[in-house]
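Enquirer: Would you mind keeping the following structure in view while I ask a few things?
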Amino acid sequence: MGTREDEYDYLFKVVLIGDSGVGKSSLLSRFTRNEFNLESKSTIGVEFATRSIEVDGKTIKAQIWDTAGQERYRAITSAYYRGAVGALLVYDIAKHLSYENVERWLRELRDHADQNILIMLVGNKSDLRHLRSIPTEEAKAFAERNGLSFIETSALDSTNVEPAFQNILTEIYRIVSQKQMRDPPEGDVIRPDEPTDVRPSHSDNVRKQCCQ
Amino acid sequence: MESYQPEYDKNGLLSDTFWRTPHRAVPGRPCQTVQRTEVMSGSSYQQFQASVNDAWDLGDDDIISGIAETKISKAISQTAALNVINSHRNSSKNVNKNDVKHGSESVKPKVEAVEVKKNEIRKAGGAGSSGLLRHYPGRPRPVRLSALTSREESSESKLERFQQLHDSAVIDLDELKQLSWSGIPVKARAVTWRLLAGYLPANAERRVETLERKRADYKHLVRQYYDAERDDDTYRQIHIDIPRMSPLVALFQQITVQVMFERILYIWAIRHPASGYVQGINDLVTPFFMVFLQEAASGQELDNFPLDKLSEEQRDVIEADSFWCLSKFLDSIQDNYIFAQLGIQYKVNQLKELIRRIDLPLHEHLQTHGVDYLQFSFRWMNNLLTREIPLPCTIRLWDTYLAESDGFATFQLYVCAAFLLHWRERLMLEKDFQGLMILLQNVPTQNWTDSNISMLVAEAYRLKFAFADAPNHLHNAGKSDR
C-alpha cells in the first residue's frame with residue numbers, strides 16, 4: 001500500500017480543486033508517488049492519496065482528496081470539502097478559461113468548505129512556457145487581493161510541486177500549533193483529532209480514522 | 001426503454017421466506033416441487049420453459065421492457081445458482097470460503113444442504129454431459145466445471161449454437177440470453193451484442209433494412225449536430241477526456257479513433273440533455289467500439305491496429321453501431337448521469353444496505369474506519385467497473401449485462417456487492433482508513449481473466465437471488481445509518 005505510515009503528530013485534510021484537465025491528479029501523483037503520466041485518465045468523483053512530511057520535527061500526515069473537475073460532479077465533490085483545512089486551487093497557465101473559473105471555485109469553497117480553510121492558488125503546467133496565457137504577476141496580484149497564497153508548478157518536470165504542498169501544510173501547522181499554544185488542550189500530548197480553529201467542523205472521515 | 005421496476009418490488013410478497021422454504025409454490029403458477037436430486041435432469045428445464053412461456057411476447061424494439069415482466073421460477077433459478085456457487089467452491093482452491101460463510105443466517109442452512117450435491121455435479125461434468133448443464137435458465141456458466149471437458153471443444157460447440165441461433169428466421173431472444181449470460185465467443189459477439197442491445201431486430205427479414213436505416217440515421221445526426229455549430233462546454237469536456245482515455249494504447253492515440261469517439265459522445269450528449277456528457281461515459285463506448293472493431297478487423301492485433309486500414313464504410317459501421325448500442329445500453333441507467341447523479345447516490349446507498357445485511361463484520365470494519373461507500377463505489381457505478389478491471393474482462397462482463405434478463409441496472413448492484421466481497425479478506429487486514437481507501441481504489445485485478453468474471457457474476461447472481469426478493473431489504477436504502 002506504499003505510503004502508509006502509522007505514526008503521525010498531525011493529520012490534515014487537503015483538497016485539490018480546479019477545472020478539468022489542469023493537472024490536479026498529476027500534482028497528486030507527483031507529490032505522493034513521484035510519478036507522472038503525460039495523459040492520466042479523468043478523475044471520477046474523488047480519489048484519495050496520502051503522504052507524510054516533517055515540520056519542526058513533527059510528522060504531518062496529509063490526506064489529500066483529488067476531485068473531478070467537471071461541473072456535473074460538483075454535487076458529489078463538494079461534500080468532500082467538509083473538514084478540509086487546506087485547498088489547492090489549480091489552474092492551467094496555458095488555459096485562460098481555467099484561470100477565469102478560479103473565482104467560481106472560490107465561491108464553491110466559500111459555500112461548502114470550512115470558513116478558515118487555507119487556500120493556495122496553483123498555476124500548473126509552468127513547463128509550457130511558449131503557451132503561457134496567464135502572466136505570473138497577474139495571478140500573483142489576484143491571489144494577494146483574495147488572501148490566497150500562490151505558486152506556479154509543473155507536475156511534469158516536478159518544479160515547485162514539493163514546495164507547494166510543503167508550504168500549505170506548514171502554514172496549516174503554524175496556525176494549529178499557535179492556536180494550541182494559546183489554548184492548550186488537556187493533557188500534554190497534542191493529538192491530531194482535537195478541534196482547532198482551522199478545523200471547526202470535523203468530518204466523520206477524519207475523526208473516525210484518528211480514533212482507532 | 002424506461003427504467004424498470006426492480007424485481008424485489010414485484011415479487012416481494014412471495015419471497016420473504018424464500019431460502020427457508022425452497023419448495024414453496026409460486027402463486028399463480030402450476031405447483032412446481034423441485035427435488036434437489038433432480039437438479040440436473042432435463043425436466044427442470046421444461047419446467048422453467050413452461051413457467052416463462054407466457055412472459056415472452058416481444059416486439060423487436062421492446063426487448064428490455066419485456067424482460068422486466070419475466071418471472072423465472074424461483075426455485076429452479078435459485079437451485080441452479082447454488083449449484084454454480086458450490087461447484088466453484090468445490091473445485092477451486094482459491095475460493096474465498098467466507099463469501100458464503102458470512103452470508104446471512106437464513107442462507108446458511110440451504111447452502112450446506114446443497115453441498116451434498118457436489119459429487120453429482122462432478123459426475124455430470126466428468127461424464128461429458130455438460131450439454132445438460134447448459135439447459136439451465138440464466139445459469140452462470142460454471143467455469144471450473146467446463147475445465148473438466150476440453151475447453152476448445154466446448155467453446156466450439158458453443159459458437160455453433162450461437163451461429164445456429166443467428167441463422168434462424170426469428171431469433172429466440174430468450175435462448176440467446178441464456179446462452180450469452182455465461183460469455184459469448186469472440187466470433188459471435190458483435191452480432192449477439194447488437195441483438196441483445198435491441199439494436200438488431202430478432203426477425204431476420206428486418207435486419208438488413210433496419211441496419212441500413214439506422215446507419216443512415218446516424219450519418220444524418222452527425223451532420224445535424226456535430227458538423228454544425230457545437231455546444232462549447234459539452235464539446236470541450238469531451239475533447240479533453242478522449243485523448244487521455246487509454247494513454248498507453250496506440251489504437252486510441254489515433255486521431256481517426258478519437259474523432260469517432262468524439263462524435264459518438266457529443267451526439268449522445270446533445271440528444272440526452274437531462275444528463276449531457278458526464279466524465280466516465282466515454283469509458284462506456286470503448287467495449288462497443290472494440291467489439292465492432294474486432295469484427296471488422298477479424299483476427300488482427302487490435303492494440304495498435306491502424307484504423308485507416310479499414311474502408312470508410314467499415315469505420316462508419318463501427319461508429320454508428322457503437323453509437324446506437326451505447327444509446328440503448330445507457331437508457332436503463334440514465335438516472336446515473338442526471339443532476340447530482342441521484343441514480344448513483346441511490347445505488348450506493350443500496351450497496352451499503354446490502355453489504356450490511358450480507359456481511360456485517362465487513363460493513364462495520366469499513367464504518368469504524370470512516371470509509372464511506374460513496375468514496376469507493378461511486379466510480380464502480382459511474383463507470384460500470386470499467387476502471388477497476390481490464391478491458392477484456394469488461395467485455396466479458398458486458399456479455400452478461402446485455403444478457404441479464406432484468407436489465408443490468410439492478411444486477412450491477414449485486415456485481416458491485418460481489419466485487420467488494422471478493423476483497424473482504426484483504427480489507428479486513430487493513431487497519432486504517434488510508435489502507436482501506438488505497439486498496440479499494442486500486443484493487444489488484446491486473447491479472448484477471450474471463451474466469452474471474454464468471455465467478456464474479458455467479459456470485460452476484462447468488463446474492464441477487466438470496467437478497468433481491470427479501471422484502472424491505474433495501475428499505476432503508478435512502479437513509480444514512482452510519
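In the C-alpha cells, chains take the letters A, B, ... in the order shown, each chain's residues start at 1, and ligands count up from 1 in the order shown.
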Give me, as a Markdown table, the closest atom pair and its distance (Å, one decimal) for every residue of chain B within a cut-off of 6 Å of chain A, counting only C-alpha atoms, rows sorted by chain and rising number.

Expert:
| residue | atom | partner | partner_atom | distance |
| --- | --- | --- | --- | --- |
| B:Arg244 | CA | A:Glu39 | CA | 5.0 |
| B:Met245 | CA | A:Lys41 | CA | 5.5 |
| B:Pro247 | CA | A:Glu39 | CA | 5.7 |
| B:Ala340 | CA | A:Ala75 | CA | 5.3 |
| B:His369 | CA | A:Gln209 | CA | 4.9 |
| B:Gly370 | CA | A:Asn205 | CA | 4.5 |
| B:Arg379 | CA | A:Ile44 | CA | 5.8 |
| B:Phe433 | CA | A:Gln209 | CA | 5.6 |

Enquirer: Using only N, CA, C and O atoms, please write the residues we just selected to a file, as a short mmCIF file (atom, residue, chain, number, x, y, z; two decimals), in the first residue's frame.

Expert:
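Result file again-v6.cif:
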data_model
loop_
_atom_site.label_atom_id
_atom_site.label_comp_id
_atom_site.auth_asym_id
_atom_site.auth_seq_id
_atom_site.Cartn_x
_atom_site.Cartn_y
_atom_site.Cartn_z
N ARG B 244 -7.08 11.22 -23.25
CA ARG B 244 -6.47 10.63 -22.05
C ARG B 244 -7.21 9.37 -21.58
O ARG B 244 -7.07 8.96 -20.44
N MET B 245 -8.03 8.80 -22.47
CA MET B 245 -8.78 7.61 -22.06
C MET B 245 -7.88 6.40 -21.84
O MET B 245 -7.94 5.74 -20.82
N PRO B 247 -4.19 6.17 -22.46
CA PRO B 247 -2.99 6.83 -22.96
C PRO B 247 -1.90 5.87 -23.43
O PRO B 247 -1.06 6.25 -24.24
N ALA B 340 -26.71 15.91 -9.99
CA ALA B 340 -26.35 15.35 -8.68
C ALA B 340 -26.20 13.83 -8.72
O ALA B 340 -25.95 13.20 -7.71
N HIS B 369 -13.68 2.60 10.38
CA HIS B 369 -12.53 3.35 9.90
C HIS B 369 -12.94 4.54 9.05
O HIS B 369 -12.10 5.13 8.37
N GLY B 370 -14.22 4.85 9.07
CA GLY B 370 -14.67 6.07 8.40
C GLY B 370 -14.73 5.97 6.88
O GLY B 370 -14.76 7.00 6.20
N ARG B 379 -17.30 5.39 -8.33
CA ARG B 379 -16.66 5.11 -9.62
C ARG B 379 -17.09 3.76 -10.18
O ARG B 379 -17.24 3.60 -11.39
N PHE B 433 -8.02 3.89 7.77
CA PHE B 433 -8.73 4.50 6.66
C PHE B 433 -7.88 4.53 5.39
O PHE B 433 -8.32 4.13 4.30
#

Enquirer: Stretch 105-110 of chain A: which residues within 9 Å, counting only C-alpha atoms, same-chain residues fewer than 3 positions away excluded, as an MDAnalysis selection string?

Expert: chainID A and resid 17:19 74 78 81 87 89 101:102 113:115 117 119

Enquirer: Go ahead and dump the residues you just picked, N, CA, C and O atoms, as a compact mmCIF listing (two decimals), in the first residue's frame.

Expert:
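Listing of out05.txt after writing:
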# COMPACT_ATOMS: atom_id res chain seq x y z
N ILE A 17 -8.73 21.16 -6.10
CA ILE A 17 -9.88 21.51 -6.93
C ILE A 17 -9.43 22.36 -8.12
O ILE A 17 -8.30 22.85 -8.16
N GLY A 18 -10.31 22.54 -9.07
CA GLY A 18 -10.00 23.32 -10.27
C GLY A 18 -10.60 22.66 -11.49
O GLY A 18 -11.12 21.53 -11.41
N ASP A 19 -10.52 23.36 -12.61
CA ASP A 19 -11.15 22.87 -13.84
C ASP A 19 -10.60 21.52 -14.28
O ASP A 19 -9.50 21.12 -13.90
N ARG A 74 -19.90 18.39 -9.25
CA ARG A 74 -19.79 19.34 -8.14
C ARG A 74 -20.58 18.89 -6.91
O ARG A 74 -20.12 19.00 -5.77
N SER A 78 -18.28 18.43 -3.67
CA SER A 78 -18.32 19.48 -2.65
C SER A 78 -18.51 18.88 -1.26
O SER A 78 -18.14 19.48 -0.26
N TYR A 81 -15.34 18.76 0.72
CA TYR A 81 -14.68 19.97 1.23
C TYR A 81 -14.79 20.04 2.75
O TYR A 81 -13.98 20.64 3.43
N ALA A 87 -6.82 23.88 0.74
CA ALA A 87 -7.25 23.58 -0.63
C ALA A 87 -6.21 24.09 -1.61
O ALA A 87 -5.71 25.21 -1.47
N LEU A 89 -6.10 25.25 -5.21
CA LEU A 89 -6.99 25.61 -6.30
C LEU A 89 -6.13 25.73 -7.57
O LEU A 89 -5.34 26.67 -7.69
N ASN A 101 -12.11 30.73 -14.31
CA ASN A 101 -13.01 29.99 -13.44
C ASN A 101 -12.57 29.93 -11.98
O ASN A 101 -13.29 29.41 -11.14
N VAL A 102 -11.39 30.46 -11.70
CA VAL A 102 -10.90 30.43 -10.32
C VAL A 102 -11.90 31.10 -9.37
O VAL A 102 -12.16 30.61 -8.26
N ALA A 113 -17.01 24.78 2.04
CA ALA A 113 -15.87 24.40 2.89
C ALA A 113 -15.93 25.16 4.22
O ALA A 113 -16.74 26.06 4.40
N ASP A 114 -15.05 24.78 5.12
CA ASP A 114 -14.98 25.46 6.40
C ASP A 114 -14.47 26.88 6.19
O ASP A 114 -13.65 27.14 5.32
N GLN A 115 -14.91 27.75 7.06
CA GLN A 115 -14.64 29.17 6.90
C GLN A 115 -13.15 29.49 6.88
O GLN A 115 -12.70 30.34 6.14
N ILE A 117 -10.58 27.68 5.99
CA ILE A 117 -9.73 26.85 5.12
C ILE A 117 -8.65 27.71 4.46
O ILE A 117 -8.90 28.85 4.04
N ILE A 119 -6.24 28.53 1.45
CA ILE A 119 -6.32 28.26 0.02
C ILE A 119 -5.03 28.70 -0.66
O ILE A 119 -4.54 29.81 -0.43

Enquirer: Report, in Å to a single decimal, how far apart atom CA of B:Trp193 and atom CA of B:Gln178 are.

Expert: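 Atom-to-atom, atom CA of B:Gln178 to atom CA of B:Trp193, that is 13.3 Å.
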
Enquirer: May I have the residues within 9 Å of stretch 211-223 of chain B as a list in words, using only C-alpha atoms and disregarding those fewer than 3 positions away in the same chain?

Expert: Tyr199, Leu200, Pro201, Arg206, Arg207, Val208, Tyr226, Asp227, Ala228, Arg263, Ile264, Ile267, Asp316, Val317, Glu319, Ala320, Asp321, Phe323 and Trp324 of chain B

Enquirer: Take the residues from that selection and put them in a file with N, CA and C atoms, as a PDB file, in the first residue's frame.

Expert:
ATOM      1  N   TYR B 199     -30.795  -3.481 -30.786  1.00  0.00           N
ATOM      2  CA  TYR B 199     -30.483  -2.653 -31.957  1.00  0.00           C
ATOM      3  C   TYR B 199     -30.774  -3.433 -33.232  1.00  0.00           C
ATOM      4  N   LEU B 200     -30.352  -4.659 -33.262  1.00  0.00           N
ATOM      5  CA  LEU B 200     -30.598  -5.515 -34.430  1.00  0.00           C
ATOM      6  C   LEU B 200     -31.876  -6.321 -34.182  1.00  0.00           C
ATOM      7  N   PRO B 201     -32.836  -6.267 -35.118  1.00  0.00           N
ATOM      8  CA  PRO B 201     -34.094  -6.982 -34.892  1.00  0.00           C
ATOM      9  C   PRO B 201     -33.895  -8.500 -34.848  1.00  0.00           C
ATOM     10  N   ARG B 206     -36.075  -8.252 -41.187  1.00  0.00           N
ATOM     11  CA  ARG B 206     -35.976  -6.809 -40.932  1.00  0.00           C
ATOM     12  C   ARG B 206     -34.556  -6.332 -40.665  1.00  0.00           C
ATOM     13  N   ARG B 207     -33.635  -7.278 -40.575  1.00  0.00           N
ATOM     14  CA  ARG B 207     -32.302  -6.886 -40.110  1.00  0.00           C
ATOM     15  C   ARG B 207     -31.563  -5.947 -41.059  1.00  0.00           C
ATOM     16  N   VAL B 208     -31.475  -6.359 -42.302  1.00  0.00           N
ATOM     17  CA  VAL B 208     -30.684  -5.566 -43.250  1.00  0.00           C
ATOM     18  C   VAL B 208     -31.259  -4.167 -43.374  1.00  0.00           C
ATOM     19  N   TYR B 226     -22.993  17.432 -35.086  1.00  0.00           N
ATOM     20  CA  TYR B 226     -21.538  17.534 -34.924  1.00  0.00           C
ATOM     21  C   TYR B 226     -20.920  18.476 -35.943  1.00  0.00           C
ATOM     22  N   ASP B 227     -21.409  18.392 -37.191  1.00  0.00           N
ATOM     23  CA  ASP B 227     -20.840  19.237 -38.232  1.00  0.00           C
ATOM     24  C   ASP B 227     -21.381  20.661 -38.157  1.00  0.00           C
ATOM     25  N   ALA B 228     -22.392  20.856 -37.315  1.00  0.00           N
ATOM     26  CA  ALA B 228     -22.966  22.199 -37.178  1.00  0.00           C
ATOM     27  C   ALA B 228     -22.274  22.936 -36.041  1.00  0.00           C
ATOM     28  N   ARG B 263     -17.460  12.143 -31.803  1.00  0.00           N
ATOM     29  CA  ARG B 263     -18.774  12.264 -32.458  1.00  0.00           C
ATOM     30  C   ARG B 263     -19.837  11.452 -31.707  1.00  0.00           C
ATOM     31  N   ILE B 264     -19.489  10.216 -31.379  1.00  0.00           N
ATOM     32  CA  ILE B 264     -20.449   9.363 -30.671  1.00  0.00           C
ATOM     33  C   ILE B 264     -20.908  10.039 -29.380  1.00  0.00           C
ATOM     34  N   ILE B 267     -22.828  13.564 -29.848  1.00  0.00           N
ATOM     35  CA  ILE B 267     -24.214  13.416 -30.318  1.00  0.00           C
ATOM     36  C   ILE B 267     -25.079  12.789 -29.221  1.00  0.00           C
ATOM     37  N   ASP B 316     -17.509   3.604 -40.629  1.00  0.00           N
ATOM     38  CA  ASP B 316     -18.834   4.166 -40.365  1.00  0.00           C
ATOM     39  C   ASP B 316     -19.730   3.169 -39.629  1.00  0.00           C
ATOM     40  N   VAL B 317     -19.600   1.910 -40.025  1.00  0.00           N
ATOM     41  CA  VAL B 317     -20.407   0.867 -39.375  1.00  0.00           C
ATOM     42  C   VAL B 317     -20.021   0.759 -37.895  1.00  0.00           C
ATOM     43  N   GLU B 319     -18.703   2.976 -36.007  1.00  0.00           N
ATOM     44  CA  GLU B 319     -19.103   4.175 -35.272  1.00  0.00           C
ATOM     45  C   GLU B 319     -20.622   4.207 -35.037  1.00  0.00           C
ATOM     46  N   ALA B 320     -21.368   3.975 -36.089  1.00  0.00           N
ATOM     47  CA  ALA B 320     -22.830   4.046 -35.958  1.00  0.00           C
ATOM     48  C   ALA B 320     -23.342   2.960 -35.014  1.00  0.00           C
ATOM     49  N   ASP B 321     -22.835   1.765 -35.163  1.00  0.00           N
ATOM     50  CA  ASP B 321     -23.310   0.677 -34.310  1.00  0.00           C
ATOM     51  C   ASP B 321     -22.921   0.914 -32.845  1.00  0.00           C
ATOM     52  N   PHE B 323     -22.580   3.800 -31.493  1.00  0.00           N
ATOM     53  CA  PHE B 323     -23.478   4.850 -31.017  1.00  0.00           C
ATOM     54  C   PHE B 323     -24.844   4.281 -30.611  1.00  0.00           C
ATOM     55  N   TRP B 324     -25.429   3.508 -31.496  1.00  0.00           N
ATOM     56  CA  TRP B 324     -26.784   3.023 -31.208  1.00  0.00           C
ATOM     57  C   TRP B 324     -26.802   2.036 -30.045  1.00  0.00           C
TER      58      TRP B 324
END

Enquirer: Atom CA of B:Leu354 to atom CA of B:Ala417: how many Å, to one decimal?

Expert: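 Separating atom CA of B:Leu354 from atom CA of B:Ala417 is a distance of 7.4 Å.
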
Enquirer: With only C-alpha atoms as the atoms that count, which of A:Gly86, A:Gly123, A:Pro163, A:Gly57 lies nearest to A:Lys140?

Expert: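 Checking each candidate against A:Lys140, we get A:Gly123 as the closest.
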
Enquirer: So which residues of stretch 7-154 of chain A fall under strand (DSSP E or B) by DSSP, listed as an mmCIF file with N, CA and C atoms, in the first residue's frame?

Expert:
data_model
loop_
_atom_site.group_PDB
_atom_site.id
_atom_site.type_symbol
_atom_site.label_atom_id
_atom_site.label_comp_id
_atom_site.auth_asym_id
_atom_site.auth_seq_id
_atom_site.Cartn_x
_atom_site.Cartn_y
_atom_site.Cartn_z
ATOM 1 N N TYR A 10 0.199 15.083 13.350
ATOM 2 C CA TYR A 10 -0.957 15.826 12.859
ATOM 3 C C TYR A 10 -1.490 15.177 11.586
ATOM 4 N N LEU A 11 -2.781 15.279 11.451
ATOM 5 C CA LEU A 11 -3.393 14.811 10.214
ATOM 6 C C LEU A 11 -4.186 15.962 9.610
ATOM 7 N N PHE A 12 -3.824 16.343 8.408
ATOM 8 C CA PHE A 12 -4.527 17.452 7.760
ATOM 9 C C PHE A 12 -5.176 16.973 6.471
ATOM 10 N N LYS A 13 -6.404 17.345 6.326
ATOM 11 C CA LYS A 13 -7.119 17.003 5.094
ATOM 12 C C LYS A 13 -7.038 18.179 4.123
ATOM 13 N N VAL A 14 -6.608 17.842 2.913
ATOM 14 C CA VAL A 14 -6.425 18.879 1.889
ATOM 15 C C VAL A 14 -7.166 18.445 0.626
ATOM 16 N N VAL A 15 -7.816 19.390 -0.038
ATOM 17 C CA VAL A 15 -8.497 19.035 -1.294
ATOM 18 C C VAL A 15 -7.825 19.711 -2.482
ATOM 19 N N LEU A 16 -7.887 19.034 -3.612
ATOM 20 C CA LEU A 16 -7.383 19.579 -4.868
ATOM 21 C C LEU A 16 -8.592 19.896 -5.730
ATOM 22 N N ILE A 17 -8.734 21.164 -6.096
ATOM 23 C CA ILE A 17 -9.880 21.512 -6.934
ATOM 24 C C ILE A 17 -9.430 22.358 -8.122
ATOM 25 N N GLY A 18 -10.310 22.539 -9.073
ATOM 26 C CA GLY A 18 -9.995 23.322 -10.267
ATOM 27 C C GLY A 18 -10.603 22.662 -11.485
ATOM 28 N N VAL A 46 -14.175 11.328 -6.610
ATOM 29 C CA VAL A 46 -12.995 11.759 -5.860
ATOM 30 C C VAL A 46 -12.023 10.597 -5.745
ATOM 31 N N GLU A 47 -10.745 10.935 -5.669
ATOM 32 C CA GLU A 47 -9.740 9.912 -5.417
ATOM 33 C C GLU A 47 -8.849 10.383 -4.275
ATOM 34 N N PHE A 48 -8.248 9.432 -3.656
ATOM 35 C CA PHE A 48 -7.602 9.712 -2.386
ATOM 36 C C PHE A 48 -6.150 9.263 -2.398
ATOM 37 N N ALA A 49 -5.292 10.071 -1.774
ATOM 38 C CA ALA A 49 -3.913 9.621 -1.561
ATOM 39 C C ALA A 49 -3.379 10.304 -0.304
ATOM 40 N N THR A 50 -2.249 9.832 0.147
ATOM 41 C CA THR A 50 -1.728 10.359 1.407
ATOM 42 C C THR A 50 -0.196 10.405 1.372
ATOM 43 N N ARG A 51 0.356 11.353 2.107
ATOM 44 C CA ARG A 51 1.814 11.381 2.282
ATOM 45 C C ARG A 51 2.152 12.151 3.543
ATOM 46 N N SER A 52 3.221 11.755 4.179
ATOM 47 C CA SER A 52 3.624 12.450 5.401
ATOM 48 C C SER A 52 4.874 13.273 5.157
ATOM 49 N N ILE A 53 4.930 14.412 5.804
ATOM 50 C CA ILE A 53 6.144 15.237 5.759
ATOM 51 C C ILE A 53 6.532 15.617 7.180
ATOM 52 N N GLU A 54 7.766 16.124 7.320
ATOM 53 C CA GLU A 54 8.245 16.557 8.639
ATOM 54 C C GLU A 54 8.289 18.072 8.690
ATOM 55 N N VAL A 55 7.763 18.635 9.756
ATOM 56 C CA VAL A 55 7.908 20.070 10.002
ATOM 57 C C VAL A 55 8.247 20.244 11.478
ATOM 58 N N LYS A 58 8.032 17.422 13.704
ATOM 59 C CA LYS A 58 6.714 16.782 13.821
ATOM 60 C C LYS A 58 6.349 16.106 12.505
ATOM 61 N N THR A 59 5.675 14.970 12.628
ATOM 62 C CA THR A 59 5.213 14.302 11.417
ATOM 63 C C THR A 59 3.801 14.772 11.082
ATOM 64 N N ILE A 60 3.699 15.312 9.885
ATOM 65 C CA ILE A 60 2.383 15.783 9.438
ATOM 66 C C ILE A 60 1.915 14.882 8.315
ATOM 67 N N LYS A 61 0.777 14.324 8.538
ATOM 68 C CA LYS A 61 0.238 13.447 7.505
ATOM 69 C C LYS A 61 -0.807 14.206 6.704
ATOM 70 N N ALA A 62 -0.597 14.248 5.398
ATOM 71 C CA ALA A 62 -1.568 14.928 4.539
ATOM 72 C C ALA A 62 -2.471 13.887 3.906
ATOM 73 N N GLN A 63 -3.750 14.106 4.111
ATOM 74 C CA GLN A 63 -4.745 13.233 3.484
ATOM 75 C C GLN A 63 -5.339 14.058 2.351
ATOM 76 N N ILE A 64 -4.998 13.686 1.122
ATOM 77 C CA ILE A 64 -5.316 14.574 0.007
ATOM 78 C C ILE A 64 -6.424 13.976 -0.862
ATOM 79 N N TRP A 65 -7.442 14.768 -1.069
ATOM 80 C CA TRP A 65 -8.575 14.344 -1.893
ATOM 81 C C TRP A 65 -8.521 15.068 -3.226
ATOM 82 N N ASP A 66 -8.417 14.265 -4.257
ATOM 83 C CA ASP A 66 -8.363 14.776 -5.614
ATOM 84 C C ASP A 66 -9.789 14.697 -6.172
ATOM 85 N N THR A 67 -10.268 15.795 -6.718
ATOM 86 C CA THR A 67 -11.674 15.807 -7.143
ATOM 87 C C THR A 67 -11.807 15.894 -8.653
ATOM 88 N N GLY A 86 -7.132 22.657 4.114
ATOM 89 C CA GLY A 86 -6.416 23.330 3.042
ATOM 90 C C GLY A 86 -6.976 22.954 1.688
ATOM 91 N N ALA A 87 -6.817 23.877 0.735
ATOM 92 C CA ALA A 87 -7.253 23.578 -0.631
ATOM 93 C C ALA A 87 -6.210 24.089 -1.611
ATOM 94 N N LEU A 88 -5.857 23.255 -2.562
ATOM 95 C CA LEU A 88 -5.035 23.718 -3.665
ATOM 96 C C LEU A 88 -5.979 23.972 -4.830
ATOM 97 N N LEU A 89 -6.100 25.249 -5.209
ATOM 98 C CA LEU A 89 -6.990 25.606 -6.305
ATOM 99 C C LEU A 89 -6.132 25.731 -7.566
ATOM 100 N N VAL A 90 -6.280 24.781 -8.449
ATOM 101 C CA VAL A 90 -5.337 24.655 -9.558
ATOM 102 C C VAL A 90 -5.933 25.202 -10.852
ATOM 103 N N TYR A 91 -5.114 25.942 -11.605
ATOM 104 C CA TYR A 91 -5.485 26.295 -12.982
ATOM 105 C C TYR A 91 -4.303 25.969 -13.881
ATOM 106 N N ASP A 92 -4.543 26.036 -15.161
ATOM 107 C CA ASP A 92 -3.528 25.717 -16.160
ATOM 108 C C ASP A 92 -3.032 27.047 -16.736
ATOM 109 N N LEU A 118 -7.445 27.167 4.426
ATOM 110 C CA LEU A 118 -6.345 27.874 3.762
ATOM 111 C C LEU A 118 -6.351 27.517 2.287
ATOM 112 N N ILE A 119 -6.245 28.526 1.453
ATOM 113 C CA ILE A 119 -6.321 28.264 0.017
ATOM 114 C C ILE A 119 -5.033 28.704 -0.659
ATOM 115 N N MET A 120 -4.510 27.830 -1.482
ATOM 116 C CA MET A 120 -3.336 28.172 -2.275
ATOM 117 C C MET A 120 -3.718 28.112 -3.753
ATOM 118 N N LEU A 121 -3.440 29.200 -4.449
ATOM 119 C CA LEU A 121 -3.696 29.218 -5.887
ATOM 120 C C LEU A 121 -2.479 28.620 -6.588
ATOM 121 N N VAL A 122 -2.708 27.651 -7.432
ATOM 122 C CA VAL A 122 -1.596 26.940 -8.069
ATOM 123 C C VAL A 122 -1.717 27.025 -9.595
ATOM 124 N N GLY A 123 -0.760 27.709 -10.215
ATOM 125 C CA GLY A 123 -0.711 27.755 -11.680
ATOM 126 C C GLY A 123 0.124 26.591 -12.167
ATOM 127 N N ASN A 124 -0.521 25.570 -12.682
ATOM 128 C CA ASN A 124 0.215 24.363 -13.073
ATOM 129 C C ASN A 124 0.599 24.424 -14.564
ATOM 130 N N SER A 149 -2.450 32.184 -0.898
ATOM 131 C CA SER A 149 -1.035 32.076 -1.239
ATOM 132 C C SER A 149 -0.946 31.616 -2.688
ATOM 133 N N PHE A 150 0.227 31.750 -3.280
ATOM 134 C CA PHE A 150 0.320 31.497 -4.716
ATOM 135 C C PHE A 150 1.636 30.824 -5.072
ATOM 136 N N ILE A 151 1.560 29.916 -6.049
ATOM 137 C CA ILE A 151 2.781 29.273 -6.547
ATOM 138 C C ILE A 151 2.510 28.758 -7.954
ATOM 139 N N GLU A 152 3.563 28.704 -8.764
ATOM 140 C CA GLU A 152 3.433 28.057 -10.078
ATOM 141 C C GLU A 152 4.197 26.740 -10.035
#

Enquirer: Per DSSP on the backbone, what are the helix (DSSP H, G or I) residues of chain A, as a PyMOL selection string?

Expert: chain A and resi 24-33+71-80+96-100+102-112+129-131+136-145+161-182+204-210

Enquirer: For atom CA of B:Ser311 and atom CA of B:Phe288, quote the distance in Å rounded to one decimal.

Expert: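 So the answer is 18.7 Å.
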
Enquirer: Excluding B:Gln163 and residues on its chain fewer than 6 positions from it, collect all residues at most 10 Å away from it, counting only C-alpha atoms, and give them as a ChimeraX atom specification.

Expert: /B:157,187-188,191-192
